[in-house]
Every structure is written in structure tokens, then in C-alpha cells.
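Raw contents of start-v4.json, JSON, C-alpha atoms:
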```json
[["chain", "number", "residue", "atom", "x", "y", "z"],
["N", 1, "LYS", "CA", -16.83, 15.78, 29.83],
["N", 2, "GLN", "CA", -15.99, 12.41, 28.31],
["N", 3, "TRP", "CA", -13.74, 10.05, 30.24],
["N", 4, "TYR", "CA", -11.70, 7.10, 29.18],
["N", 5, "GLN", "CA", -13.60, 3.83, 29.42],
["N", 6, "ARG", "CA", -12.57, 0.22, 29.47],
["N", 7, "ARG", "CA", -14.69, -2.89, 30.05],
["N", 8, "VAL", "CA", -13.22, -4.73, 33.02],
["N", 9, "ARG", "CA", -14.83, -7.99, 34.08],
["N", 10, "GLY", "CA", -17.98, -7.04, 32.21],
["N", 11, "GLY", "CA", -18.37, -3.69, 33.99],
["N", 12, "GLU", "CA", -17.71, -0.14, 32.78],
["N", 13, "VAL", "CA", -14.84, 1.68, 34.53],
["N", 14, "GLN", "CA", -14.69, 5.47, 34.21],
["N", 15, "VAL", "CA", -11.16, 6.83, 34.56],
["N", 16, "SER", "CA", -10.62, 10.45, 35.51],
["N", 17, "SER", "CA", -6.82, 10.68, 35.78],
["N", 18, "LEU", "CA", -3.68, 9.16, 34.34],
["N", 19, "GLU", "CA", -2.69, 8.01, 37.82],
["N", 20, "GLN", "CA", -5.95, 6.10, 38.17],
["N", 21, "LEU", "CA", -5.56, 4.53, 34.74],
["N", 22, "GLN", "CA", -1.98, 3.45, 35.51],
["N", 23, "SER", "CA", -3.09, 1.86, 38.80],
["N", 24, "LEU", "CA", -5.84, -0.33, 37.35],
["N", 25, "GLN", "CA", -5.28, -4.07, 37.49],
["N", 26, "TRP", "CA", -6.57, -4.24, 33.92],
["N", 27, "THR", "CA", -3.87, -1.78, 32.77],
["N", 28, "ARG", "CA", -1.14, -3.85, 34.41],
["N", 29, "GLU", "CA", -2.46, -7.03, 32.80],
["N", 30, "ALA", "CA", -2.78, -5.41, 29.36],
["N", 31, "CYS", "CA", 0.81, -4.13, 29.59],
["N", 32, "ALA", "CA", 2.08, -7.53, 30.71],
["N", 33, "SER", "CA", 0.30, -9.16, 27.77],
["N", 34, "PHE", "CA", 1.77, -6.61, 25.33],
["N", 35, "LEU", "CA", 5.30, -6.97, 26.70],
["N", 36, "ALA", "CA", 5.09, -10.75, 26.48],
["N", 37, "LYS", "CA", 4.24, -10.73, 22.78],
["N", 38, "PRO", "CA", 6.97, -11.87, 20.38],
["N", 39, "VAL", "CA", 8.72, -9.07, 18.51],
["N", 40, "GLU", "CA", 7.36, -8.76, 14.97],
["N", 41, "GLU", "CA", 10.05, -8.58, 12.28],
["N", 42, "ILE", "CA", 8.74, -6.06, 9.75],
["N", 43, "GLY", "CA", 10.21, -5.19, 6.38],
["N", 44, "THR", "CA", 7.41, -4.72, 3.86],
["N", 45, "TYR", "CA", 3.89, -3.29, 3.59],
["N", 46, "CYS", "CA", 4.75, -0.91, 6.43],
["N", 47, "LEU", "CA", 4.23, 2.83, 6.75],
["N", 48, "TYR", "CA", 7.04, 3.87, 9.08],
["N", 49, "LEU", "CA", 6.58, 7.13, 10.99],
["N", 50, "ALA", "CA", 9.55, 9.02, 12.35],
["N", 51, "GLN", "CA", 9.63, 11.49, 15.22],
["N", 52, "GLY", "CA", 7.30, 14.40, 14.51],
["N", 53, "GLU", "CA", 5.12, 12.57, 11.98],
["N", 54, "TYR", "CA", 1.57, 11.23, 11.93],
["N", 55, "SER", "CA", -0.68, 9.50, 9.41],
["N", 56, "ALA", "CA", -4.09, 7.88, 8.99],
["N", 57, "VAL", "CA", -4.68, 4.72, 6.97],
["N", 58, "SER", "CA", -7.93, 2.90, 6.15],
["N", 59, "PHE", "CA", -8.20, -0.75, 7.09],
["N", 60, "ASP", "CA", -8.83, -1.66, 3.44],
["N", 61, "SER", "CA", -5.45, -0.17, 2.45],
["N", 62, "PRO", "CA", -2.65, -2.45, 1.18],
["N", 63, "ILE", "CA", -0.58, -1.14, 4.10],
["N", 64, "LEU", "CA", -0.46, -3.89, 6.73],
["N", 65, "TRP", "CA", 1.56, -2.15, 9.42],
["N", 66, "LEU", "CA", 1.84, 1.33, 10.91],
["N", 67, "GLY", "CA", 5.12, 1.54, 12.78],
["N", 68, "SER", "CA", 7.50, 3.75, 14.68],
["N", 69, "ALA", "CA", 10.71, 3.26, 16.64],
["N", 70, "GLY", "CA", 13.07, 4.90, 19.10],
["N", 71, "ALA", "CA", 10.37, 6.06, 21.54],
["N", 72, "THR", "CA", 12.44, 6.39, 24.71],
["N", 73, "SER", "CA", 11.00, 9.55, 26.25],
["N", 74, "CYS", "CA", 8.72, 9.90, 23.20],
["N", 75, "HIS", "CA", 5.31, 8.21, 22.93],
["N", 76, "ILE", "CA", 3.78, 6.23, 20.07],
["N", 77, "LEU", "CA", 0.06, 7.04, 19.99],
["N", 78, "VAL", "CA", -2.53, 5.06, 18.03],
["N", 79, "ILE", "CA", -6.21, 5.92, 17.82],
["N", 80, "PHE", "CA", -8.60, 4.02, 15.59],
["N", 81, "ASP", "CA", -12.26, 3.42, 14.82],
["N", 82, "GLU", "CA", -14.03, 0.90, 12.60],
["N", 83, "GLN", "CA", -12.63, 2.32, 9.36],
["N", 84, "LYS", "CA", -9.21, 3.89, 9.98],
["N", 85, "SER", "CA", -6.17, 3.75, 12.20],
["N", 86, "CYS", "CA", -4.03, 6.79, 13.01],
["N", 87, "MET", "CA", -0.52, 6.83, 14.48],
["N", 88, "ALA", "CA", 1.78, 9.61, 15.70],
["N", 89, "HIS", "CA", 5.28, 9.71, 17.20],
["N", 90, "ILE", "CA", 5.09, 12.45, 19.85],
["N", 91, "ASP", "CA", 8.27, 13.94, 21.28],
["N", 92, "HIS", "CA", 7.02, 16.89, 23.37],
["N", 93, "PRO", "CA", 3.86, 17.80, 25.30],
["N", 94, "SER", "CA", 3.51, 21.06, 23.37],
["N", 95, "HIS", "CA", 2.71, 19.09, 20.21],
["N", 96, "VAL", "CA", 0.02, 16.87, 21.72],
["N", 97, "ARG", "CA", -3.07, 19.03, 21.23],
["N", 98, "SER", "CA", -2.47, 19.88, 17.58],
["N", 99, "THR", "CA", -1.50, 16.27, 16.81],
["N", 100, "VAL", "CA", -4.56, 14.77, 18.49],
["N", 101, "ASP", "CA", -6.75, 17.32, 16.70],
["N", 102, "SER", "CA", -5.19, 16.27, 13.39],
["N", 103, "LEU", "CA", -5.70, 12.58, 14.11],
["N", 104, "GLU", "CA", -9.31, 13.03, 15.18],
["N", 105, "GLU", "CA", -10.05, 14.92, 11.97],
["N", 106, "GLN", "CA", -8.88, 11.87, 10.03],
["N", 107, "LEU", "CA", -11.36, 9.49, 11.65],
["N", 108, "SER", "CA", -14.80, 8.98, 10.17],
["N", 109, "GLY", "CA", -16.64, 9.35, 13.45],
["N", 110, "GLY", "CA", -18.30, 5.97, 13.10],
["N", 111, "GLY", "CA", -18.24, 3.33, 15.84],
["N", 112, "GLN", "CA", -16.17, 2.88, 18.97],
["N", 113, "ARG", "CA", -12.86, 4.75, 19.16],
["N", 114, "HIS", "CA", -9.85, 3.02, 20.68],
["N", 115, "ILE", "CA", -6.49, 4.16, 22.09],
["N", 116, "CYS", "CA", -3.11, 2.43, 22.28],
["N", 117, "VAL", "CA", -0.10, 4.23, 23.77],
["N", 118, "VAL", "CA", 3.43, 2.95, 24.32],
["N", 119, "GLY", "CA", 6.67, 4.71, 25.18],
["N", 120, "GLY", "CA", 8.16, 6.88, 27.82],
["N", 121, "VAL", "CA", 10.49, 5.86, 30.62],
["N", 122, "LEU", "CA", 10.90, 6.98, 34.22],
["N", 123, "GLU", "CA", 14.28, 8.74, 34.29],
["N", 124, "PRO", "CA", 15.87, 11.69, 36.14],
["N", 125, "ARG", "CA", 15.01, 14.35, 33.55],
["N", 126, "ASN", "CA", 11.33, 13.38, 33.69],
["N", 127, "ASP", "CA", 10.72, 14.18, 30.02],
["N", 128, "SER", "CA", 8.18, 11.38, 29.58],
["N", 129, "GLN", "CA", 5.69, 12.15, 32.33],
["N", 130, "PRO", "CA", 4.41, 15.45, 30.84],
["N", 131, "ILE", "CA", 3.80, 13.77, 27.47],
["N", 132, "SER", "CA", 1.74, 10.97, 29.05],
["N", 133, "GLU", "CA", -0.22, 13.43, 31.14],
["N", 134, "MET", "CA", -0.92, 15.72, 28.19],
["N", 135, "ILE", "CA", -2.09, 12.88, 25.94],
["N", 136, "PHE", "CA", -4.49, 11.75, 28.64],
["N", 137, "ALA", "CA", -5.74, 15.27, 29.37],
["N", 138, "ILE", "CA", -6.35, 16.18, 25.72],
["N", 139, "LEU", "CA", -8.10, 12.94, 24.85],
["N", 140, "SER", "CA", -10.24, 13.10, 27.97],
["N", 141, "GLU", "CA", -11.60, 16.43, 26.73],
["N", 142, "SER", "CA", -12.63, 14.96, 23.39],
["N", 143, "GLU", "CA", -16.28, 14.87, 22.41],
["N", 144, "HIS", "CA", -15.69, 11.22, 21.47],
["N", 145, "PRO", "CA", -15.47, 8.60, 24.23],
["N", 146, "TYR", "CA", -12.44, 6.36, 23.89],
["N", 147, "LYS", "CA", -11.80, 2.78, 24.92],
["N", 148, "VAL", "CA", -8.26, 2.14, 26.17],
["N", 149, "ASP", "CA", -6.81, -1.00, 24.62],
["N", 150, "LEU", "CA", -3.25, -0.41, 25.89],
["N", 151, "TRP", "CA", -1.50, 2.28, 27.95],
["N", 152, "CYS", "CA", 2.07, 1.04, 28.39],
["N", 153, "THR", "CA", 4.00, 4.11, 29.51],
["N", 154, "LEU", "CA", 6.16, 5.32, 32.41],
["N", 155, "SER", "CA", 6.32, 2.73, 35.23],
["N", 156, "HIS", "CA", 4.75, 0.02, 33.05],
["N", 157, "ASN", "CA", 7.42, 0.57, 30.39],
["N", 158, "THR", "CA", 10.46, 0.97, 32.66],
["N", 159, "THR", "CA", 13.03, -1.54, 33.84],
["N", 160, "GLN", "CA", 16.50, -1.08, 35.34],
["N", 161, "ASP", "CA", 19.83, -2.62, 34.44],
["N", 162, "ARG", "CA", 22.40, -3.91, 36.93],
["N", 163, "ASN", "CA", 23.77, -0.38, 37.36],
["N", 164, "GLY", "CA", 20.38, 1.03, 38.30],
["N", 165, "ILE", "CA", 19.93, 2.88, 34.99],
["N", 166, "SER", "CA", 16.34, 3.07, 33.77],
["N", 167, "TRP", "CA", 15.56, 1.56, 30.37],
["N", 168, "PRO", "CA", 12.31, 1.47, 28.41],
["N", 169, "ARG", "CA", 11.01, -2.04, 27.95],
["N", 170, "VAL", "CA", 9.72, -1.26, 24.45],
["N", 171, "THR", "CA", 10.78, 1.59, 22.15],
["N", 172, "ASP", "CA", 9.67, 0.16, 18.79],
["N", 173, "ALA", "CA", 6.08, -0.82, 18.03],
["N", 174, "ALA", "CA", 3.79, -1.53, 15.10],
["N", 175, "PHE", "CA", 0.04, -1.51, 14.71],
["N", 176, "ASP", "CA", -1.23, -4.66, 13.01],
["N", 177, "MET", "CA", -3.88, -3.46, 10.57],
["N", 178, "LEU", "CA", -5.45, -6.94, 10.31],
["N", 179, "LYS", "CA", -5.60, -7.82, 14.01],
["N", 180, "ARG", "CA", -6.04, -4.19, 15.06],
["N", 181, "GLU", "CA", -3.56, -4.38, 17.90],
["N", 182, "LEU", "CA", -0.22, -2.84, 18.84],
["N", 183, "VAL", "CA", 2.77, -5.18, 19.09],
["N", 184, "PRO", "CA", 6.51, -4.85, 19.83],
["N", 185, "ALA", "CA", 8.41, -4.66, 16.56],
["N", 186, "GLN", "CA", 11.77, -4.56, 14.84],
["N", 187, "PHE", "CA", 11.95, -2.75, 11.52],
["N", 188, "HIS", "CA", 14.27, -3.93, 8.77],
["N", 189, "TYR", "CA", 13.46, -0.78, 6.78],
["N", 190, "ARG", "CA", 12.68, 2.62, 8.27],
["N", 191, "GLY", "CA", 12.37, 4.70, 5.15],
["N", 192, "PRO", "CA", 12.05, 6.20, 2.73],
["N", 193, "GLU", "CA", 14.02, 9.46, 2.95],
["N", 194, "LEU", "CA", 14.55, 9.56, 6.73],
["N", 195, "PRO", "CA", 17.24, 12.30, 6.70],
["N", 196, "LEU", "CA", 15.09, 14.53, 4.47],
["N", 197, "ARG", "CA", 12.06, 13.99, 6.68],
["N", 198, "SER", "CA", 14.10, 14.80, 9.78],
["N", 199, "VAL", "CA", 15.33, 18.07, 8.29],
["N", 200, "PHE", "CA", 11.75, 18.95, 7.29],
["N", 201, "TYR", "CA", 10.64, 18.52, 10.92],
["N", 202, "GLN", "CA", 13.62, 20.49, 12.28],
["N", 203, "ASN", "CA", 13.02, 23.34, 9.83],
["N", 204, "ASN", "CA", 9.26, 23.57, 10.32],
["N", 205, "SER", "CA", 8.90, 22.68, 14.02],
["N", 206, "THR", "CA", 5.45, 21.25, 13.30],
["N", 207, "TYR", "CA", 4.29, 17.69, 12.79],
["N", 208, "SER", "CA", 3.62, 16.54, 9.26],
["N", 209, "ASN", "CA", 1.10, 14.14, 7.76],
["N", 210, "LEU", "CA", 3.42, 11.77, 5.91],
["N", 211, "TYR", "CA", 0.89, 9.67, 4.00],
["N", 212, "HIS", "CA", -1.82, 11.10, 1.77],
["N", 213, "GLU", "CA", -4.44, 8.40, 1.66],
["N", 214, "GLU", "CA", -6.51, 9.77, -1.22],
["N", 215, "LEU", "CA", -3.46, 9.41, -3.46],
["N", 216, "ALA", "CA", -2.02, 6.37, -1.62],
["N", 217, "GLN", "CA", 1.31, 8.21, -1.56],
["N", 218, "ILE", "CA", 4.04, 9.34, 0.76],
["N", 219, "ARG", "CA", 4.54, 12.97, -0.22],
["N", 220, "ILE", "CA", 7.36, 15.08, 1.15],
["N", 221, "PRO", "CA", 6.57, 18.69, 0.26],
["N", 222, "TYR", "CA", 9.09, 21.13, -1.10],
["N", 223, "PHE", "CA", 10.85, 23.30, 1.46],
["N", 224, "GLU", "CA", 13.91, 25.50, 1.35],
["N", 225, "PHE", "CA", 17.14, 24.45, 3.00],
["N", 226, "SER", "CA", 20.81, 25.03, 2.30],
["N", 227, "ALA", "CA", 23.85, 22.84, 2.73],
["N", 228, "SER", "CA", 25.77, 23.45, 5.96],
["N", 229, "PRO", "CA", 29.34, 22.22, 5.37],
["N", 230, "ASP", "CA", 30.26, 22.88, 9.00],
["N", 231, "MET", "CA", 28.04, 19.93, 9.93],
["N", 232, "MET", "CA", 30.69, 17.57, 8.54],
["N", 233, "SER", "CA", 32.57, 17.83, 11.83],
["N", 234, "ALA", "CA", 29.61, 16.21, 13.57],
["N", 235, "VAL", "CA", 29.50, 13.24, 11.22],
["N", 236, "ASN", "CA", 32.62, 11.71, 12.79],
["N", 237, "ALA", "CA", 32.00, 12.92, 16.33],
["N", 238, "PRO", "CA", 32.32, 10.27, 19.05],
["N", 239, "ALA", "CA", 29.12, 8.41, 19.85],
["N", 240, "GLU", "CA", 29.21, 9.67, 23.44],
["N", 241, "ARG", "CA", 29.18, 13.27, 22.24],
["N", 242, "ILE", "CA", 26.30, 12.68, 19.83],
["N", 243, "LEU", "CA", 24.28, 11.03, 22.59],
["N", 244, "ARG", "CA", 25.08, 13.81, 25.06],
["N", 245, "TYR", "CA", 23.99, 16.65, 22.79],
["N", 246, "CYS", "CA", 21.30, 15.06, 20.62],
["N", 247, "SER", "CA", 19.34, 12.82, 22.99],
["N", 248, "THR", "CA", 17.07, 13.44, 25.96],
["N", 249, "THR", "CA", 17.79, 9.87, 27.12],
["N", 250, "PRO", "CA", 21.48, 9.30, 26.27],
["N", 251, "THR", "CA", 21.85, 6.22, 28.46],
["N", 252, "CYS", "CA", 19.12, 4.19, 26.76],
["N", 253, "GLU", "CA", 18.89, 5.05, 23.08],
["N", 254, "PRO", "CA", 18.42, 2.20, 20.57],
["N", 255, "ASP", "CA", 21.44, 0.96, 18.63],
["N", 256, "PHE", "CA", 20.49, 2.82, 15.45],
["N", 257, "PHE", "CA", 20.28, 6.28, 17.07],
["N", 258, "VAL", "CA", 23.89, 7.39, 16.59],
["N", 259, "GLN", "CA", 24.05, 6.20, 12.98],
["N", 260, "ASP", "CA", 20.74, 7.94, 12.21],
["N", 261, "MET", "CA", 22.16, 11.19, 13.60],
["N", 262, "ARG", "CA", 25.32, 10.83, 11.52],
["N", 263, "ASP", "CA", 23.21, 10.25, 8.40],
["N", 264, "ILE", "CA", 21.27, 13.43, 9.18],
["N", 265, "PHE", "CA", 24.48, 15.43, 9.78],
["N", 266, "LEU", "CA", 25.90, 14.21, 6.46],
["N", 267, "PHE", "CA", 22.69, 15.08, 4.64],
["N", 268, "ARG", "CA", 22.66, 18.58, 6.14],
["N", 269, "ALA", "CA", 26.32, 19.11, 5.31],
["N", 270, "THR", "CA", 26.09, 18.06, 1.65],
["N", 271, "LYS", "CA", 22.54, 18.59, 0.39],
["N", 272, "CYS", "CA", 20.32, 21.55, -0.40],
["N", 273, "SER", "CA", 16.71, 21.77, -1.52],
["N", 274, "LYS", "CA", 17.65, 21.92, -5.22],
["N", 275, "ASP", "CA", 19.56, 18.64, -4.92],
["N", 276, "VAL", "CA", 16.50, 16.87, -3.54],
["N", 277, "PHE", "CA", 13.52, 18.56, -5.20],
["N", 278, "GLY", "CA", 14.95, 19.83, -8.47],
["N", 279, "GLY", "CA", 14.41, 23.31, -9.76],
["N", 280, "ASN", "CA", 10.61, 23.47, -9.88],
["N", 281, "GLY", "CA", 9.71, 22.84, -6.25],
["N", 282, "GLU", "CA", 7.92, 19.52, -6.76],
["N", 283, "PRO", "CA", 7.35, 17.16, -3.81],
["N", 284, "VAL", "CA", 9.17, 13.86, -3.48],
["N", 285, "VAL", "CA", 6.60, 11.09, -3.97],
["N", 286, "TYR", "CA", 6.61, 7.38, -3.11],
["N", 287, "MET", "CA", 4.03, 4.64, -3.61],
["N", 288, "LEU", "CA", 3.82, 1.08, -2.34],
["N", 289, "ASP", "CA", 4.51, -1.46, -5.09],
["N", 290, "GLU", "CA", 3.02, -4.94, -5.45],
["N", 291, "THR", "CA", 5.82, -6.44, -3.32],
["N", 292, "GLY", "CA", 5.19, -4.09, -0.38],
["N", 293, "HIS", "CA", 8.21, -1.85, -0.95],
["N", 294, "TRP", "CA", 8.13, 1.95, -1.27],
["N", 295, "GLN", "CA", 9.19, 3.10, -4.73],
["N", 296, "MET", "CA", 9.88, 6.68, -5.77],
["N", 297, "LEU", "CA", 7.50, 7.76, -8.51],
["N", 298, "SER", "CA", 9.03, 11.08, -9.39],
["N", 299, "LYS", "CA", 9.19, 14.63, -8.23],
["N", 300, "VAL", "CA", 5.68, 15.59, -9.33],
["N", 301, "SER", "CA", 3.23, 18.34, -8.55]]
```

Same coordinates, now as C-alpha cells:
Amino acid sequence: KQWYQRRVRGGEVQVSSLEQLQSLQWTREACASFLAKPVEEIGTYCLYLAQGEYSAVSFDSPILWLGSAGATSCHILVIFDEQKSCMAHIDHPSHVRSTVDSLEEQLSGGGQRHICVVGGVLEPRNDSQPISEMIFAILSESEHPYKVDLWCTLSHNTTQDRNGISWPRVTDAAFDMLKRELVPAQFHYRGPELPLRSVFYQNNSTYSNLYHEELAQIRIPYFEFSASPDMMSAVNAPAERILRYCSTTPTCEPDFFVQDMRDIFLFRATKCSKDVFGGNGEPVVYMLDETGHWQMLSKVS
């Protein structure tokens, strides 16, 4: 069985449990270093992954950032080797095994493999702990040994406000494809097509590979869905109600959460598959232009 490894003071430390990893002095220092980094302001040359998505990108790609946001109980997982980096936004322990399998298939198998994980908060519902534990357990069973570069979850990613409410220290992070490190981030653009991608995840209940590297394209495949006019009532629902019914961590969601949910409700209320994909079932396709922005090509096969 392969265990997580990390060089600490020139020696090799074998880690056999998440609890042991979390207790290492090296882990605490790596988390402190990560949390002290300035927040990167990101708007271009970024592949943004929403909840329930993953992708792999080669280091020679024009994409400079892999990013994701809003990981309160969720976890942002990055694994990379000498040629590619893979990221996933994981929202439930039941999705961990299939997602890790998909990410490992994307890697070339050459050189040292690394892990970065951030997200999760210690809170009464305890939704984060099972995700952290499952990520550790699945990766520790891998035939490939991994080197932990960062594991900033649970206690290392939790603070409390003056009312004693737990908050995640970092919910938004980006992987720097040049420096090969994970950093706190703020995204000025979290597209394209976020409502459509959210409905795809809700309808299929499986994670999707957003970016097809061979074609250098974001491709959202055709799927059937109908407009649900009754969803209009949710568009103008009070923020407190949206948080109560749509979030696992209603006390500590990022500022954009409620507006994102309203955008999704409006999309579901007014759009159907024909409106988005046309009549021939073609995917929606985007490519990165020379300025680092995602541009729709067309609905092509």
C-alpha cells in the first residue's frame, strides 16, 4: 500500500492517516504559508471549475490558472505531475473515488505526483470531515505515491467570528500553472455558462470533464431539460430562505452564492435544451482567444 510522503527537514515521513497528516508541524507551516499569501486577482487565462466539475491541463497550455470558488464544506483538489495539472471541486464523499480515478487517468504517469487540497470547515453538520477523510483514503490506496504540497482543510481552514460561528479561512483558490502552486484567489470572471453547467450537474448527478485538452475547448454536451416556470418564485425569494434550503453551510457562504442561485433559478424557469443547443443536439463550445478570454465558437458537433 502506498502512503502519502513529504520531505520534512531532509527526511521522508510516511503518513498513514488524515489525523496524522493534520498533526504534522510541516502541515501547519505549509497551511500558514498558504494562508499568508496575497489573494490573486484573476480575470483572464483561467479555466474556472464549478461544483461537480474536473479538468486536466498540460503545463504547456495557454491556460495560466486552474481555479474554483465557494468551497465551504466542499474541497478543491489538485493533483499534478511533471506534465499536467488536474483540479476538481468535490462536494460529497460519494463522488471522491470516481473523480480521483478520472484525474489519475489524465496524468501521464511520469515523475513525482503532488497533491494540494483546500476547503472544508469545522461546523455542526460535519459535512466537510467525510470528504477530507475519503480523499485521503482513496489517494492512499493509489498505486502512485504522492507528495503532499498542501493540505489546508478542516481545523487548518477554520476560524470563528465574534459570535462563535465557524468560517472557512479560504473558499476560493487557483493553481498557478507557471509556479505550480495553489494560492488564494478572487475571480473576476467565473464562466462561461455557469447556470447551464449547474443544471447539467443537477440533471446528471455525475461529475463532468469541462475542458477537452485535445481540442483546447470547453465543451458542454447536449442534454435534455425543460423550462420550469414554477421556479420563478424562487428567483425573488429572500436571501435567508435561499441560504437555508440551498446551502450546507448557510452561515458562511461567499457573497456571490445567493446571486448565483437566483441566476440558476431564472435559467431553469425560462430556458429549455432547444433554447441553448438548437435543434440538432450540438454541444456548446468555447475556446480561449489571444487575450485570455473564453469565446463561444458555435454549437458544433

Sorted per-residue table, range 110-170 of chain N near range 27-45 of chain N, closest atoms and distance, 12 Å, only C-alpha atoms, as a tab-separated table:
```
residue	atom	partner	partner_atom	distance
N:Cys116	CA	N:Ala30	CA	10.6
N:Val117	CA	N:Cys31	CA	10.2
N:Val118	CA	N:Cys31	CA	9.2
N:Gly119	CA	N:Cys31	CA	11.5
N:Val148	CA	N:Thr27	CA	8.8
N:Asp149	CA	N:Ala30	CA	7.6
N:Leu150	CA	N:Ala30	CA	6.1
N:Trp151	CA	N:Thr27	CA	6.7
N:Cys152	CA	N:Cys31	CA	5.5
N:Thr153	CA	N:Cys31	CA	8.8
N:Leu154	CA	N:Cys31	CA	11.2
N:Ser155	CA	N:Arg28	CA	10.0
N:His156	CA	N:Cys31	CA	6.7
N:Asn157	CA	N:Cys31	CA	8.1
N:Thr158	CA	N:Leu35	CA	11.2
N:Thr159	CA	N:Leu35	CA	11.8
N:Pro168	CA	N:Leu35	CA	11.1
N:Arg169	CA	N:Leu35	CA	7.6
N:Val170	CA	N:Leu35	CA	7.6
```

What are the closest atom pairs, with distances in Å to one decimal, for each residue of range 181-233 of chain N lying within 8 Å of range 269-286 of chain N, using all atoms listed in the file, rows by chain and rising residue number, as CSV?
```
residue,atom,partner,partner_atom,distance
N:Gln217,CA,N:Tyr286,CA,5.6
N:Ile218,CA,N:Tyr286,CA,5.0
N:Arg219,CA,N:Val285,CA,4.7
N:Ile220,CA,N:Val284,CA,5.1
N:Pro221,CA,N:Pro283,CA,4.4
N:Tyr222,CA,N:Pro283,CA,5.1
N:Phe223,CA,N:Ser273,CA,6.7
N:Glu224,CA,N:Ser273,CA,5.5
N:Phe225,CA,N:Ser273,CA,5.3
N:Ser226,CA,N:Cys272,CA,4.4
N:Ala227,CA,N:Cys272,CA,4.9
N:Ser228,CA,N:Ala269,CA,4.4
N:Pro229,CA,N:Ala269,CA,4.3
N:Asp230,CA,N:Ala269,CA,6.6
N:Met231,CA,N:Ala269,CA,5.0
N:Met232,CA,N:Ala269,CA,5.6
```

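Atom to atom, CA of Asp81 in chain N and CA of Leu66 in chain N stand 14.8 Å apart.
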
(request) Could you tell me how far CA of Asp260 in chain N lies from CA of Gly191 in chain N, in Å and to one decimal? (result) 11.4 Å
